[in-house]
Each structure stands twice: as C-alpha cells, then as structure tokens.
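Novice: There's a structure below that I have some questions on.
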Amino acid sequence: MASIADKFAHKEVFVTGGAGFVGSHIVDRLLLYGARVTVYDNFSTGREEFLGSALPHITLIRDDLLNVEKLTRSMLNMSFVFHIAANADISKNELDPTKCFYQNTVATQNVLEAMRLNGVREIAFASTGSVYDEGSVVPTPEDVHIGMQSSPYGASKMAGEVLIQAYSSMFDMQAHIFRFVSLLGKRYTHGHIFDFYKQLRADPTRLTVRGNGKQNKSYLLIDDCVDAMFFALENSSRDVDAAGNPKKVHTFNLGTPESCLLNDSISYITSHLGVSPVISYTGGDRGWKGDVPFIFLDTKRINDLGWKPRATIREAVVETVKFIDENRWVLERGK
C-alpha cells in the first residue's frame with residue numbers, strides 16, 4: 001500500500017476553501033507531503049493570515065465556486081480535489097436560508113462538473129454530523145437511516161453528499177466523505193467559544209447562553225480531524241463493502257468517544273480565563289431553529305482502521321480559547 005506522502009508528492013491538488021479554518025490546515029499538510037497546491041477561495045470567511053508561510057508555495061485564486069467558467073479553468077491538470085468550502089454558520093440559516101443552497105449544494109455541483117470536464121477522478125468532501133439531524137441511534141453510525149432535515153445547512157450538505165455519490169457512480173470517481181462533529185482549535189473563527197469569549201472580553205461578569213446549557217455535543221480538535229482525514233485516505237483500500245469489494249464512496253464519521261454539555265464547555269472556558277460570570281439562559285432545549293441539541297457520532301468505522309483522536313474535548317476547548325486570546329484580531333474579522 002502506497003504511503004500518503006506517495007499519494008500526494010508532486011501531484012496537483014485543488015483545495016476549495018483553502019484559506020479557511022479547515023482548508024488552511026489541509027493546505028499545510030499537503031505541502032508537507034510535497035503536493036503542488038491550488039487554493040480556490042472567495043474569502044468570505046477565509047483569511048490570508050491562515051495561509052501564512054504557505055502563501056509563497058501555493059497558487060491562490062480568489063473567486064467564488066458559483067463562477068463556473070473560472071472554476072473549470074482553474075481545475076485544469078488537477079489530480080485530486082479537497083472540497084472544503086461551505087457556508088457553515090448554522091445559526092444564521094433562518095436569516096438567509098438560500099445561502100446554504102448556493103454555497104453548499106450548487107457549489108458542490110459546480111465542483112463535481114468541473115472535475116468531470118477536467119478528468120479529475122478523486123474528491124474528499126467536508127460534510128457534517130448535522131446530516132443525521134436528531135439521529136434515531138446515538139452514538140450515530142454512518143449507515144443509520146437519515147430522516148427529515150431540520151435546517152437548510154444539514155439539507156444542503158446531505159444534497160452535496162448525494163450529488164457526489166451520483167457522480168462517483170456515473171463518472172467512475174472515487175469519493176471520501178467526512179462527517180465532522182464541531183471542530184475546534186487554531187484558526188477557529190465562529191461558534192460558541194468565539195461568541196462566549198467575545199462576550200466575556202466585553203464583560204467578564206455576565207454571559208448570555210442561547211438555549212438551556214444542556215445541549216450535548218461532541219467536539220474534535222482540528223489537528224485530530226486532519227490526521228483522521230489523511231489516515232482515511234491512506235487506508236481507504238481497507239474500507240470495503242459487505243462483500244469485500246472496494247467502495248467508490250467512503251463515508252467516515254470523525255469525532256471523539258465523548259460528548260459534553262454546553263455547560264461543561266462553559267466551565268472549561270471560564271476556568272481557563274479565570275472568570276466567574278453570572279450566566280443567563282434564553283431557554284428551550286436548543287440555541288436556534290435548526291440546532292440539533294444532541295450530536296454524538298459513532299466513529300467505530302475509522303477506529304477499526306486504526307485511528308484514534310489524541311485530544312480530549314476539554315483540551316480542544318482550552319486550545320481554542322488560547323488561540324483566540326493570542327489572536328484577538330479574529331474577534332473583529334471573524335464571521
């Protein structure tokens with residue numbers, strides 16, 4: 001079996017959303033493996049600062065995935081696509097529900113069509129545990145029946161997955177779908193830790209929490225997430241169907257073997273900052289319409305291949321707080 005470095009060394013690799021939280025970490029790893037990387041990003045949430053020392057070593061294209069002609073031209077001669085770009089701020093779905101459709105579903109269709117026209121045959125896709133909505137089984141495995149969606153975000157990501165499956169079948173593509181829990185760590189720019197840190201910096205004596213604080217979620221450190229993705233890519237030949245045949249579409253949950261209440265996360269944050277705010281709750285069992293109050297993924301499939309996360313949820317929360325504290329510019333520019 002070829003190593004992951006052999007898979008990417010001297011290869012042309014295309015990363016959508018490569019200047020963002022997740023994408024920039026993938027770019028760093030690809031450069032470490034000797035890949036020739038093209039980043040395609042509209043910089044709606046991406047930051048040049050996240051590319052840092054990688055900038056002189058990549059091709060950077062500033063454009064939107066809805067620009068089909070530019071996207072197709074830009075993918076010429078590529079051998080692999082990491083499709084990471086997305087509108088991922090679920091809490092704002094109610095204000096602009098069409099944004100997920102265009103930036104997630106239509107954008108994914110455009111990426112797949114650009115791949116087809118350029119003869120690119122392999123894709124890794126950043127999906128989400130939100131596709132399970134309120135899963136009928138918890139922890140939720142990859143093969144559970146996926147029912148009705150309650151948010152445009154989950155629906156748009158599920159639609160993206162289905163499009164990838166269709167293109168893989170019809171056009172002989174190889175696909176790797178990764179369903180993430182919430183990700184934390186360096187370059188994090190939106191989510192509950194970001195919101196709480198911003199509140200506490202303005203007034204360390206008070207904290208307003210949407211919902212009741214009992215929302216139960218799993219979180220994963222970005223370093224562990226990227227390790228898992230490349231581990232899965234390196235070992236995909238071992239991920240076979242029930243008959244022992246190689247799969248065209250590999251789907252993996254990525255998460256930790258634990259979850260925590262939102263109140264637990266708050267205690268990790270406030271303890272690290274050394275503050276004791278009075279907490280007020282807005283009420284209800286979820287933070288916003290479309291929020292899933294309990295997400296906990298079964299990661300047995302990738303664990304059986306030999307991958308395990310290294311950081312606990314508490315460690316991931318603290319590392320995220322440290323990053324924001326040391327990079328306060330993200331408070332002004334984060335989305």
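To be explicit about the labels: the chains of the structure tokens are called A, B, and onward in the order shown, and within each one the residues are counted from 1, while ligands get numbers from 1 in the order they are shown.
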At a cut-off of 10 Å, using only C-alpha atoms, what residues contact segment 42-54 of chain A? Leave out same-chain residues fewer than 6 positions from it and give the result as a PyMOL selection string.

Specialist: chain A and resi 16-25+27-28+31+60-66+85-88+186-187+189-190+330+333-335

Novice: Generate the output file for the selected residues, N, CA and C atoms, as a short mmCIF file (atom, residue, chain, number, x, y, z; two decimals), in the first residue's frame.

Specialist:
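Output (again-v3.cif):
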```cif
data_model
loop_
_atom_site.label_atom_id
_atom_site.label_comp_id
_atom_site.auth_asym_id
_atom_site.auth_seq_id
_atom_site.Cartn_x
_atom_site.Cartn_y
_atom_site.Cartn_z
N THR A 16 -10.76 23.74 -2.31
CA THR A 16 -11.74 24.80 -2.20
C THR A 16 -11.82 25.22 -0.73
N GLY A 17 -11.96 26.52 -0.49
CA GLY A 17 -11.99 27.00 0.89
C GLY A 17 -10.66 26.82 1.59
N GLY A 18 -9.59 26.84 0.81
CA GLY A 18 -8.27 26.54 1.37
C GLY A 18 -7.69 27.61 2.26
N ALA A 19 -8.34 28.79 2.33
CA ALA A 19 -7.87 29.83 3.24
C ALA A 19 -8.69 29.87 4.53
N GLY A 20 -9.59 28.91 4.69
CA GLY A 20 -10.45 28.88 5.86
C GLY A 20 -9.89 28.06 7.00
N PHE A 21 -10.70 27.89 8.02
CA PHE A 21 -10.32 27.17 9.23
C PHE A 21 -9.82 25.76 8.93
N VAL A 22 -10.65 24.96 8.29
CA VAL A 22 -10.28 23.58 7.99
C VAL A 22 -9.35 23.52 6.78
N GLY A 23 -9.71 24.25 5.73
CA GLY A 23 -8.95 24.16 4.48
C GLY A 23 -7.49 24.54 4.63
N SER A 24 -7.19 25.56 5.44
CA SER A 24 -5.80 26.00 5.58
C SER A 24 -4.94 24.94 6.27
N HIS A 25 -5.53 24.20 7.18
CA HIS A 25 -4.79 23.10 7.81
C HIS A 25 -4.52 21.97 6.81
N VAL A 27 -4.13 22.47 3.58
CA VAL A 27 -3.06 23.00 2.73
C VAL A 27 -1.70 22.78 3.38
N ASP A 28 -1.59 23.08 4.67
CA ASP A 28 -0.32 22.86 5.38
C ASP A 28 0.13 21.41 5.27
N LEU A 31 1.32 20.47 1.66
CA LEU A 31 2.66 20.97 1.37
C LEU A 31 3.72 20.13 2.06
N LEU A 60 -2.86 30.77 -5.51
CA LEU A 60 -4.05 31.27 -4.82
C LEU A 60 -4.99 31.94 -5.83
N ILE A 61 -6.23 31.45 -5.89
CA ILE A 61 -7.24 32.00 -6.78
C ILE A 61 -8.39 32.54 -5.93
N ARG A 62 -8.63 33.84 -6.05
CA ARG A 62 -9.70 34.47 -5.29
C ARG A 62 -10.95 34.54 -6.16
N ASP A 63 -11.85 33.64 -5.94
CA ASP A 63 -13.10 33.66 -6.69
C ASP A 63 -14.11 32.76 -6.01
N ASP A 64 -15.32 32.81 -6.51
CA ASP A 64 -16.43 32.07 -5.92
C ASP A 64 -16.69 30.79 -6.71
N LEU A 65 -17.13 29.76 -6.03
CA LEU A 65 -17.45 28.50 -6.69
C LEU A 65 -18.66 28.62 -7.61
N LEU A 66 -19.40 29.71 -7.51
CA LEU A 66 -20.52 29.92 -8.41
C LEU A 66 -20.07 30.46 -9.76
N ALA A 85 -14.84 24.21 1.05
CA ALA A 85 -15.60 25.47 1.10
C ALA A 85 -17.07 25.20 1.40
N ALA A 86 -17.65 26.03 2.27
CA ALA A 86 -19.07 25.89 2.60
C ALA A 86 -19.52 27.08 3.42
N ASN A 87 -20.82 27.29 3.43
CA ASN A 87 -21.44 28.19 4.41
C ASN A 87 -21.80 27.32 5.61
N ALA A 88 -21.06 27.50 6.71
CA ALA A 88 -21.20 26.57 7.84
C ALA A 88 -21.79 27.20 9.08
N LYS A 186 -6.84 25.97 16.49
CA LYS A 186 -6.23 27.13 15.87
C LYS A 186 -6.97 27.51 14.58
N ARG A 187 -7.14 28.80 14.39
CA ARG A 187 -7.81 29.40 13.22
C ARG A 187 -9.33 29.30 13.27
N THR A 189 -12.94 30.59 13.93
CA THR A 189 -13.46 31.96 13.86
C THR A 189 -14.96 32.08 14.06
N HIS A 190 -15.68 31.01 14.29
CA HIS A 190 -17.08 31.16 14.64
C HIS A 190 -17.54 29.94 15.40
N VAL A 330 -9.06 38.14 15.28
CA VAL A 330 -10.17 37.35 14.74
C VAL A 330 -11.51 37.80 15.34
N ARG A 333 -12.61 40.34 12.83
CA ARG A 333 -12.75 39.90 11.44
C ARG A 333 -13.46 38.55 11.33
N GLY A 334 -13.66 37.85 12.45
CA GLY A 334 -14.32 36.56 12.39
C GLY A 334 -15.78 36.71 12.00
N LYS A 335 -16.30 35.64 11.38
CA LYS A 335 -17.69 35.68 10.92
C LYS A 335 -18.55 34.86 11.87
#
```

Novice: Report, in Å with one decimal, the straight-line distance from atom CA of Asn104 of chain A to atom CA of Lys157 of chain A.

Specialist: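 Between atom CA of Asn104 of chain A and atom CA of Lys157 of chain A the gap is 6.4 Å.
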
Novice: Tell me, as an MDAnalysis selection string, which residues lie within 10 Å of segment 274-278 of chain A, counting only C-alpha atoms; anything in the same chain fewer than 4 positions away does not count.

Specialist: chainID A and resid 200 203:208 267:270

Novice: List the spatial neighbours of Ala155 of chain A as an MDAnalysis selection string - criterion: any atom at most 9 Å away, only C-alpha atoms, same-chain residues fewer than 6 positions off excluded.

Specialist: chainID A and resid 100:101 105 130:131 148:149

Novice: Output N, CA and C atoms for every residue in the selection just made, as a compact mmCIF listing (two decimals), in the first residue's frame.

Specialist:
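What follows is the written file selection_32.txt:
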```txt
# COMPACT_ATOMS: atom_id res chain seq x y z
N CYS A 100 -27.13 28.64 2.03
CA CYS A 100 -26.66 27.25 2.10
C CYS A 100 -26.88 26.53 0.78
N PHE A 101 -28.01 26.80 0.14
CA PHE A 101 -28.29 26.13 -1.12
C PHE A 101 -27.24 26.49 -2.17
N THR A 105 -24.84 23.38 -1.82
CA THR A 105 -25.33 22.42 -2.81
C THR A 105 -24.92 22.79 -4.24
N SER A 130 -24.36 16.98 11.18
CA SER A 130 -25.71 17.57 11.17
C SER A 130 -26.63 16.88 10.18
N VAL A 131 -26.08 16.12 9.22
CA VAL A 131 -26.94 15.42 8.26
C VAL A 131 -27.82 14.38 8.96
N MET A 148 -35.73 13.18 8.10
CA MET A 148 -36.03 14.57 7.72
C MET A 148 -34.97 15.52 8.26
N GLN A 149 -34.62 16.51 7.45
CA GLN A 149 -33.69 17.55 7.87
C GLN A 149 -34.44 18.72 8.51
```

Novice: Please, which residues of segment 97-303 of chain A, numbered as in this document, come out helix (DSSP H, G or I) from DSSP, as a PyMOL selection string?

Specialist: chain A and resi 97-118+129-132+152-171+192-202+222-234+236-238+262-273+300-303

Novice: Go ahead and save the picked residues with C-alpha atoms, as a short mmCIF file (atom, residue, chain, number, x, y, z; two decimals), in the first residue's frame.

Specialist:
```cif
data_model
loop_
_atom_site.label_atom_id
_atom_site.label_comp_id
_atom_site.auth_asym_id
_atom_site.auth_seq_id
_atom_site.Cartn_x
_atom_site.Cartn_y
_atom_site.Cartn_z
CA PRO A 97 -31.76 30.15 4.06
CA THR A 98 -30.82 30.33 0.37
CA LYS A 99 -27.14 30.92 1.16
CA CYS A 100 -26.66 27.25 2.10
CA PHE A 101 -28.29 26.13 -1.12
CA TYR A 102 -26.00 28.18 -3.33
CA GLN A 103 -22.76 28.00 -1.34
CA ASN A 104 -23.12 24.33 -0.36
CA THR A 105 -25.33 22.42 -2.81
CA VAL A 106 -24.89 24.41 -6.05
CA ALA A 107 -21.21 24.94 -5.30
CA THR A 108 -20.73 21.18 -4.85
CA GLN A 109 -22.48 20.51 -8.16
CA ASN A 110 -20.15 23.03 -9.81
CA VAL A 111 -17.07 21.40 -8.30
CA LEU A 112 -18.17 17.96 -9.49
CA GLU A 113 -18.90 19.22 -13.00
CA ALA A 114 -15.53 20.96 -13.17
CA MET A 115 -13.94 17.69 -12.10
CA ARG A 116 -15.82 15.77 -14.80
CA LEU A 117 -14.84 18.21 -17.52
CA ASN A 118 -11.17 18.11 -16.44
CA GLY A 129 -22.76 15.19 11.55
CA SER A 130 -25.71 17.57 11.17
CA VAL A 131 -26.94 15.42 8.26
CA TYR A 132 -28.17 12.92 10.87
CA PRO A 152 -31.02 24.30 5.41
CA TYR A 153 -27.40 23.59 6.37
CA GLY A 154 -27.95 19.88 7.04
CA ALA A 155 -30.16 19.57 3.96
CA SER A 156 -27.60 21.30 1.72
CA LYS A 157 -24.78 19.09 2.94
CA MET A 158 -26.87 15.95 2.50
CA ALA A 159 -27.68 17.07 -1.04
CA GLY A 160 -23.96 17.54 -1.66
CA GLU A 161 -23.27 14.01 -0.48
CA VAL A 162 -25.95 12.60 -2.80
CA LEU A 163 -24.53 14.50 -5.76
CA ILE A 164 -21.08 13.11 -5.00
CA GLN A 165 -22.49 9.60 -4.84
CA ALA A 166 -24.20 10.08 -8.22
CA TYR A 167 -21.08 11.45 -9.92
CA SER A 168 -18.96 8.68 -8.40
CA SER A 169 -21.28 6.07 -9.83
CA MET A 170 -21.84 7.60 -13.25
CA PHE A 171 -18.37 9.02 -13.94
CA HIS A 192 -19.96 29.05 20.72
CA ILE A 193 -16.41 29.52 22.07
CA PHE A 194 -15.90 32.52 19.82
CA ASP A 195 -19.23 34.02 20.93
CA PHE A 196 -18.59 33.38 24.63
CA TYR A 197 -15.04 34.73 24.52
CA LYS A 198 -16.26 37.90 22.84
CA GLN A 199 -18.96 38.38 25.49
CA LEU A 200 -16.58 37.73 28.37
CA ARG A 201 -13.97 40.09 27.00
CA ALA A 202 -16.58 42.84 26.89
CA ILE A 222 -8.72 20.39 14.08
CA ASP A 223 -5.32 18.66 14.23
CA ASP A 224 -7.03 15.37 15.03
CA CYS A 225 -9.57 15.96 12.27
CA VAL A 226 -6.89 16.49 9.61
CA ASP A 227 -4.93 13.49 10.90
CA ALA A 228 -8.09 11.40 10.54
CA MET A 229 -8.81 12.59 7.01
CA PHE A 230 -5.35 11.74 5.71
CA PHE A 231 -5.32 8.48 7.67
CA ALA A 232 -8.60 7.50 5.97
CA LEU A 233 -7.23 8.46 2.55
CA GLU A 234 -4.15 6.34 3.14
CA SER A 236 -9.26 3.65 2.01
CA SER A 237 -8.44 0.37 0.25
CA ARG A 238 -9.20 -1.38 3.56
CA LEU A 262 -22.67 23.17 26.72
CA ASN A 263 -22.46 23.99 30.43
CA ASP A 264 -19.34 21.81 30.67
CA SER A 265 -17.74 23.70 27.80
CA ILE A 266 -18.60 26.98 29.53
CA SER A 267 -16.86 25.78 32.68
CA TYR A 268 -13.72 24.89 30.68
CA ILE A 269 -13.71 28.37 29.11
CA THR A 270 -14.37 30.36 32.27
CA SER A 271 -11.92 28.29 34.31
CA HIS A 272 -9.14 28.89 31.80
CA LEU A 273 -9.89 32.63 31.68
CA LYS A 300 -16.08 2.76 15.06
CA ARG A 301 -15.54 2.57 11.28
CA ILE A 302 -12.39 4.71 11.28
CA ASN A 303 -11.34 3.49 14.73
#
```

Novice: Which residues come within 9 Å of Phe323 of chain A, counting only C-alpha atoms, excluding same-chain residues fewer than 4 positions away, as a PyMOL selection string?

Specialist: chain A and resi 185-188+318-319+327-328

Novice: Could you check the closest approach to Gly213 of chain A for each of A:Asp241, A:Asp172, A:Asp285, A:Asp298 and tell me which residue wins, using only C-alpha atoms?

Specialist: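 Looking at the shortest contact to Gly213 of chain A, the residue is A:Asp285.
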
Novice: Show which residues sit within 10 Å of Thr251 of chain A, as a list in words. Count only C-alpha atoms, and ignore same-chain residues fewer than 4 positions away.

Specialist: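 In the requested format, the answer is Ala124, Phe125, Ser127, Glu142, Asp143, Glu161, Ala175, His176, Ile177, Phe178, Arg179, Ala232, Ser236, Asp239, Lys247, Arg301 and Ile302 of chain A.
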
Novice: Would you mind exporting the chosen residues as a short mmCIF file (atom, residue, chain, number, x, y, z; two decimals), in the first residue's frame, restricted to N, CA and C atoms?

Specialist:
```cif
data_model
loop_
_atom_site.label_atom_id
_atom_site.label_comp_id
_atom_site.auth_asym_id
_atom_site.auth_seq_id
_atom_site.Cartn_x
_atom_site.Cartn_y
_atom_site.Cartn_z
N ALA A 124 -12.25 14.57 -1.83
CA ALA A 124 -12.53 14.47 -0.39
C ALA A 124 -13.48 15.60 -0.05
N PHE A 125 -14.55 15.30 0.65
CA PHE A 125 -15.62 16.27 0.90
C PHE A 125 -15.83 16.46 2.39
N SER A 127 -18.20 17.08 5.01
CA SER A 127 -19.62 17.08 5.33
C SER A 127 -19.78 17.30 6.84
N GLU A 142 -22.54 5.60 10.58
CA GLU A 142 -22.66 6.09 9.21
C GLU A 142 -23.83 5.48 8.45
N ASP A 143 -24.21 4.25 8.78
CA ASP A 143 -25.22 3.55 7.99
C ASP A 143 -26.64 3.67 8.58
N GLU A 161 -23.70 15.41 -0.57
CA GLU A 161 -23.27 14.01 -0.48
C GLU A 161 -23.93 13.18 -1.58
N ALA A 175 -14.64 8.80 -4.08
CA ALA A 175 -15.04 9.86 -3.16
C ALA A 175 -14.80 9.46 -1.71
N HIS A 176 -14.45 10.46 -0.92
CA HIS A 176 -14.23 10.29 0.51
C HIS A 176 -15.04 11.37 1.22
N ILE A 177 -16.09 10.96 1.92
CA ILE A 177 -16.98 11.89 2.60
C ILE A 177 -16.70 11.82 4.09
N PHE A 178 -16.42 12.99 4.68
CA PHE A 178 -16.11 13.06 6.10
C PHE A 178 -17.19 13.86 6.82
N ARG A 179 -17.88 13.20 7.73
CA ARG A 179 -18.92 13.85 8.52
C ARG A 179 -18.31 14.26 9.86
N ALA A 232 -7.56 8.20 6.74
CA ALA A 232 -8.60 7.50 5.97
C ALA A 232 -8.22 7.42 4.50
N SER A 236 -7.94 3.83 2.62
CA SER A 236 -9.26 3.65 2.01
C SER A 236 -9.43 2.29 1.35
N ASP A 239 -11.27 -0.10 3.45
CA ASP A 239 -12.68 0.18 3.72
C ASP A 239 -13.50 -0.43 2.60
N LYS A 247 -14.93 0.15 -2.18
CA LYS A 247 -16.03 1.10 -2.33
C LYS A 247 -15.63 2.24 -3.25
N ARG A 301 -16.05 2.92 12.60
CA ARG A 301 -15.54 2.57 11.28
C ARG A 301 -14.08 3.01 11.11
N ILE A 302 -13.77 4.26 11.44
CA ILE A 302 -12.39 4.71 11.28
C ILE A 302 -11.51 4.23 12.44
#
```

Novice: Running DSSP on the backbone, which parts of segment 241-314 of chain A land in strand (DSSP E), as a list in words?

Specialist: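 DSSP on the backbone gives strand (DSSP E) at Val249, His250, Thr251, Phe252, Asn253, Leu254, Cys260, Leu261, Val278, Ile279, Ser280, Tyr281, Phe294 and Ile295 of chain A.
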
Novice: Counting only C-alpha atoms, which residue out of A:His250, A:Gly283, A:Asn235, A:Lys11 sits closest to Asp304 of chain A?

Specialist: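 The shortest atom-to-atom distance to Asp304 of chain A comes from A:Asn235.
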
Novice: Check the smallest atom-to-atom distance from each of A:Val15, A:Gly306, A:Val138, A:Tyr219 to Asp41 of chain A using only C-alpha atoms, then report the winner.

Specialist: A:Val15

Novice: In terms of the shortest atom-to-atom distance over only C-alpha atoms, which of A:Leu184, A:Leu254, A:Leu297, A:Val37 is closest to Val321 of chain A?

Specialist: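 Smallest distance to Val321 of chain A is found for A:Leu184.
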